[in-house]
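Presented below is the structure to which this report refers.
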Amino acid sequence: MHIVKQLMSIPGVIAAGEFAYRGDRFSYEGALTDEYARMASILCRGNTLSVNMQSEIIDSFAENCGCRPVQGWIVRGGQVTVCAVGNYFSFIENRDELLNDVMTIMRAKVGDLHDDLLANLYARLGGDTKEALY
Amino acid sequence: MNLEKMMDLPGALAAFTYSDRGELLSHVLREGTELSPQVLDLLAHSCVANLAIASMEARGWEAVTGQTGFQPLKGFSVVGLEWSVVVNGNCGVVVRNRDVDYEATFNAVQAA
């Protein structure tokens, strides 16, 4: 089952989607409008690029310390949590054990990310920004 | 803030506190870990920046979309290849990915 559909089948997952590393093309399911999903995709790509840059700096001081390449990030809000793993994101409610379940599924389905991620992240924006991935 | 208690979290490799400017104030490291005080200091600086950015994004998202539940921010985590760092306020924990319990770790840094 596709990762987004699998995530959306879990009670408490508000929305999930995929964003393109090279631009802001995206696909999603759940309680977002097209415009909000576009904004979420840009936000997730920006944060992913930022934490990857930070991990490169940390790695230059302590090579192979275990931080690089970054696999994802989590923002824990008051009632909602945003998770990103690779180029997938999900908005979830703060329910007991939901965050652990969602992160386990996302890490398992996306798999370990490798250094080629950075080449894609650092590539300049291009293409039709309104175009959907699928 | 009890860093030794933080080290009881599943997979904890390090626990640390930092100032509002990101300077490392105190830390505990698990023996044998590749982490160092210098890495924790860099992590602390990046975590302060990430918390500020996430807070700005949460405010902006709520204002633009009308959706609620993102504020107040209760923490931020970066998931690395082998470990994750989870921070909130002026406290952070580094936890091994294969053992991590994100819920418990976020709750711990929130309570600290």
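By convention in this document, the chains of the structure tokens carry letters A, B, ... by their order, each chain's residues are numbered from 1, and ligands are numbered from 1 in the order they are shown.
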
Check the DSSP output for the backbone and give back, as a ChimeraX atom specification, the residues of region 17-105 of chain B in helix (DSSP H, G or I).
-> /B:37-65,102-105

How about saving the chosen residues, N, CA and C atoms kept, as a CSV table (one decimal), in the first residue's frame?
chain,number,residue,atom,x,y,z
B,37,PRO,N,30.9,17.2,23.9
B,37,PRO,CA,30.3,18.5,24.3
B,37,PRO,C,30.3,19.5,23.1
B,38,GLN,N,31.3,19.4,22.2
B,38,GLN,CA,31.3,20.3,21.1
B,38,GLN,C,30.1,20.1,20.1
B,39,VAL,N,29.8,18.8,19.9
B,39,VAL,CA,28.6,18.4,19.1
B,39,VAL,C,27.3,18.9,19.8
B,40,LEU,N,27.3,18.7,21.1
B,40,LEU,CA,26.1,19.1,21.9
B,40,LEU,C,25.9,20.6,21.8
B,41,ASP,N,27.0,21.3,21.8
B,41,ASP,CA,26.9,22.8,21.7
B,41,ASP,C,26.4,23.2,20.4
B,42,LEU,N,26.9,22.6,19.3
B,42,LEU,CA,26.3,22.9,18.0
B,42,LEU,C,24.9,22.5,17.9
B,43,LEU,N,24.5,21.3,18.4
B,43,LEU,CA,23.1,20.9,18.4
B,43,LEU,C,22.3,21.9,19.1
B,44,ALA,N,22.7,22.4,20.3
B,44,ALA,CA,21.9,23.3,21.1
B,44,ALA,C,21.7,24.6,20.3
B,45,HIS,N,22.7,25.1,19.6
B,45,HIS,CA,22.5,26.3,18.8
B,45,HIS,C,21.5,26.0,17.7
B,46,SER,N,21.6,24.9,17.0
B,46,SER,CA,20.7,24.6,15.9
B,46,SER,C,19.3,24.4,16.5
B,47,CYS,N,19.2,23.8,17.7
B,47,CYS,CA,17.9,23.6,18.2
B,47,CYS,C,17.1,24.9,18.6
B,48,VAL,N,17.9,25.8,19.1
B,48,VAL,CA,17.3,27.1,19.4
B,48,VAL,C,16.8,27.8,18.2
B,49,ALA,N,17.6,27.7,17.1
B,49,ALA,CA,17.1,28.2,15.8
B,49,ALA,C,15.9,27.5,15.3
B,50,ASN,N,15.9,26.2,15.4
B,50,ASN,CA,14.8,25.4,14.8
B,50,ASN,C,13.5,25.6,15.6
B,51,LEU,N,13.7,25.8,16.9
B,51,LEU,CA,12.5,26.0,17.7
B,51,LEU,C,11.9,27.4,17.3
B,52,ALA,N,12.7,28.4,17.1
B,52,ALA,CA,12.2,29.7,16.8
B,52,ALA,C,11.6,29.7,15.4
B,53,ILE,N,12.2,28.9,14.5
B,53,ILE,CA,11.6,28.8,13.1
B,53,ILE,C,10.3,28.1,13.2
B,54,ALA,N,10.2,27.0,13.9
B,54,ALA,CA,9.0,26.2,14.0
B,54,ALA,C,7.9,27.0,14.7
B,55,SER,N,8.3,27.8,15.6
B,55,SER,CA,7.3,28.7,16.3
B,55,SER,C,6.7,29.7,15.3
B,56,MET,N,7.6,30.3,14.5
B,56,MET,CA,7.1,31.3,13.5
B,56,MET,C,6.2,30.6,12.5
B,57,GLU,N,6.6,29.4,12.1
B,57,GLU,CA,5.8,28.7,11.1
B,57,GLU,C,4.4,28.3,11.7
B,58,ALA,N,4.4,27.9,13.0
B,58,ALA,CA,3.1,27.5,13.6
B,58,ALA,C,2.2,28.8,13.7
B,59,ARG,N,2.8,29.9,14.1
B,59,ARG,CA,2.0,31.1,14.1
B,59,ARG,C,1.4,31.5,12.8
B,60,GLY,N,2.3,31.4,11.8
B,60,GLY,CA,2.0,31.8,10.4
B,60,GLY,C,0.9,30.9,9.9
B,61,TRP,N,1.1,29.6,10.1
B,61,TRP,CA,0.1,28.6,9.6
B,61,TRP,C,-1.2,28.8,10.2
B,62,GLU,N,-1.3,29.0,11.5
B,62,GLU,CA,-2.6,29.3,12.1
B,62,GLU,C,-3.3,30.5,11.6
B,63,ALA,N,-2.4,31.6,11.4
B,63,ALA,CA,-3.0,32.9,11.0
B,63,ALA,C,-3.5,32.8,9.5
B,64,VAL,N,-2.8,32.1,8.7
B,64,VAL,CA,-3.2,32.0,7.3
B,64,VAL,C,-4.3,31.0,7.0
B,65,THR,N,-4.3,29.8,7.7
B,65,THR,CA,-5.2,28.8,7.4
B,65,THR,C,-6.4,28.8,8.3
B,102,TYR,N,9.3,8.4,20.9
B,102,TYR,CA,9.2,9.8,20.7
B,102,TYR,C,8.2,10.4,21.7
B,103,GLU,N,7.1,9.7,22.0
B,103,GLU,CA,6.1,10.3,22.9
B,103,GLU,C,6.7,10.6,24.2
B,104,ALA,N,7.4,9.5,24.8
B,104,ALA,CA,7.9,9.7,26.1
B,104,ALA,C,9.0,10.8,26.1
B,105,THR,N,9.8,10.8,25.1
B,105,THR,CA,10.9,11.8,25.0
B,105,THR,C,10.3,13.2,24.9

Specify as a list of chain:residue names all residues of chain B found within 6 Å of chain A, counting only C-alpha atoms.
-> B:Glu34, B:Gly69, B:Phe70, B:Gln71, B:Pro72, B:Leu73, B:Lys74, B:Gly75, B:Phe76, B:Ser77, B:Val78, B:Val79, B:Gly80, B:Leu81, B:Glu82, B:Tyr102

Those residues with C-alpha atoms, as a PDB file, in the first residue's frame please?
ATOM      1  CA  GLU B  34      30.493   9.317  19.536  1.00  0.00           C
ATOM      2  CA  GLY B  69      -3.651  23.197  17.495  1.00  0.00           C
ATOM      3  CA  PHE B  70      -0.126  24.061  16.390  1.00  0.00           C
ATOM      4  CA  GLN B  71       0.521  26.509  19.224  1.00  0.00           C
ATOM      5  CA  PRO B  72       1.930  26.473  21.806  1.00  0.00           C
ATOM      6  CA  LEU B  73       4.924  24.624  20.463  1.00  0.00           C
ATOM      7  CA  LYS B  74       5.803  21.609  22.614  1.00  0.00           C
ATOM      8  CA  GLY B  75       9.054  20.589  21.025  1.00  0.00           C
ATOM      9  CA  PHE B  76      11.113  19.904  17.952  1.00  0.00           C
ATOM     10  CA  SER B  77      13.070  16.865  16.861  1.00  0.00           C
ATOM     11  CA  VAL B  78      15.616  16.193  14.140  1.00  0.00           C
ATOM     12  CA  VAL B  79      15.828  12.528  13.137  1.00  0.00           C
ATOM     13  CA  GLY B  80      19.366  11.655  12.103  1.00  0.00           C
ATOM     14  CA  LEU B  81      20.646   8.405  10.647  1.00  0.00           C
ATOM     15  CA  GLU B  82      21.413   6.762  13.995  1.00  0.00           C
ATOM     16  CA  TYR B 102       9.203   9.811  20.734  1.00  0.00           C
TER      17      TYR B 102
END

CA of Ala16 (chain A) to CA of Tyr28 (chain A): how many Å, to one decimal?
->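 CA of Ala16 (chain A) sits 5.6 Å away from CA of Tyr28 (chain A).
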
7 Å contact set for Arg30 (chain B), only C-alpha atoms, chain neighbours under 2 positions out, as a PDB file with N, CA and C atoms, in the first residue's frame:
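Output file selection_33.pdb is given in full below:
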ATOM      1  N   LEU B  13      21.301   8.836  24.749  1.00  0.00           N
ATOM      2  CA  LEU B  13      22.760   8.897  24.600  1.00  0.00           C
ATOM      3  C   LEU B  13      23.328  10.137  25.276  1.00  0.00           C
ATOM      4  N   ALA B  14      22.516  11.175  25.362  1.00  0.00           N
ATOM      5  CA  ALA B  14      22.965  12.417  25.986  1.00  0.00           C
ATOM      6  C   ALA B  14      21.759  13.247  26.400  1.00  0.00           C
ATOM      7  N   VAL B  28      25.058  15.560  30.091  1.00  0.00           N
ATOM      8  CA  VAL B  28      25.457  14.214  30.522  1.00  0.00           C
ATOM      9  C   VAL B  28      25.594  13.393  29.247  1.00  0.00           C
ATOM     10  N   GLY B  32      30.940   5.876  25.898  1.00  0.00           N
ATOM     11  CA  GLY B  32      31.127   5.155  24.647  1.00  0.00           C
ATOM     12  C   GLY B  32      30.450   5.781  23.444  1.00  0.00           C
ATOM     13  N   THR B  33      29.662   6.844  23.669  1.00  0.00           N
ATOM     14  CA  THR B  33      28.987   7.483  22.544  1.00  0.00           C
ATOM     15  C   THR B  33      29.969   8.319  21.735  1.00  0.00           C
TER      16      THR B  33
END

Would you kindly return, as a PyMOL selection string, each protein, DNA or RNA residue with an atom no farther than 10 Å from any atom of Ile3 (chain A), considering only C-alpha atoms and excluding same-chain residues fewer than 5 positions away?
-> chain A and resi 8-9+16-18+88+105-106+108-110
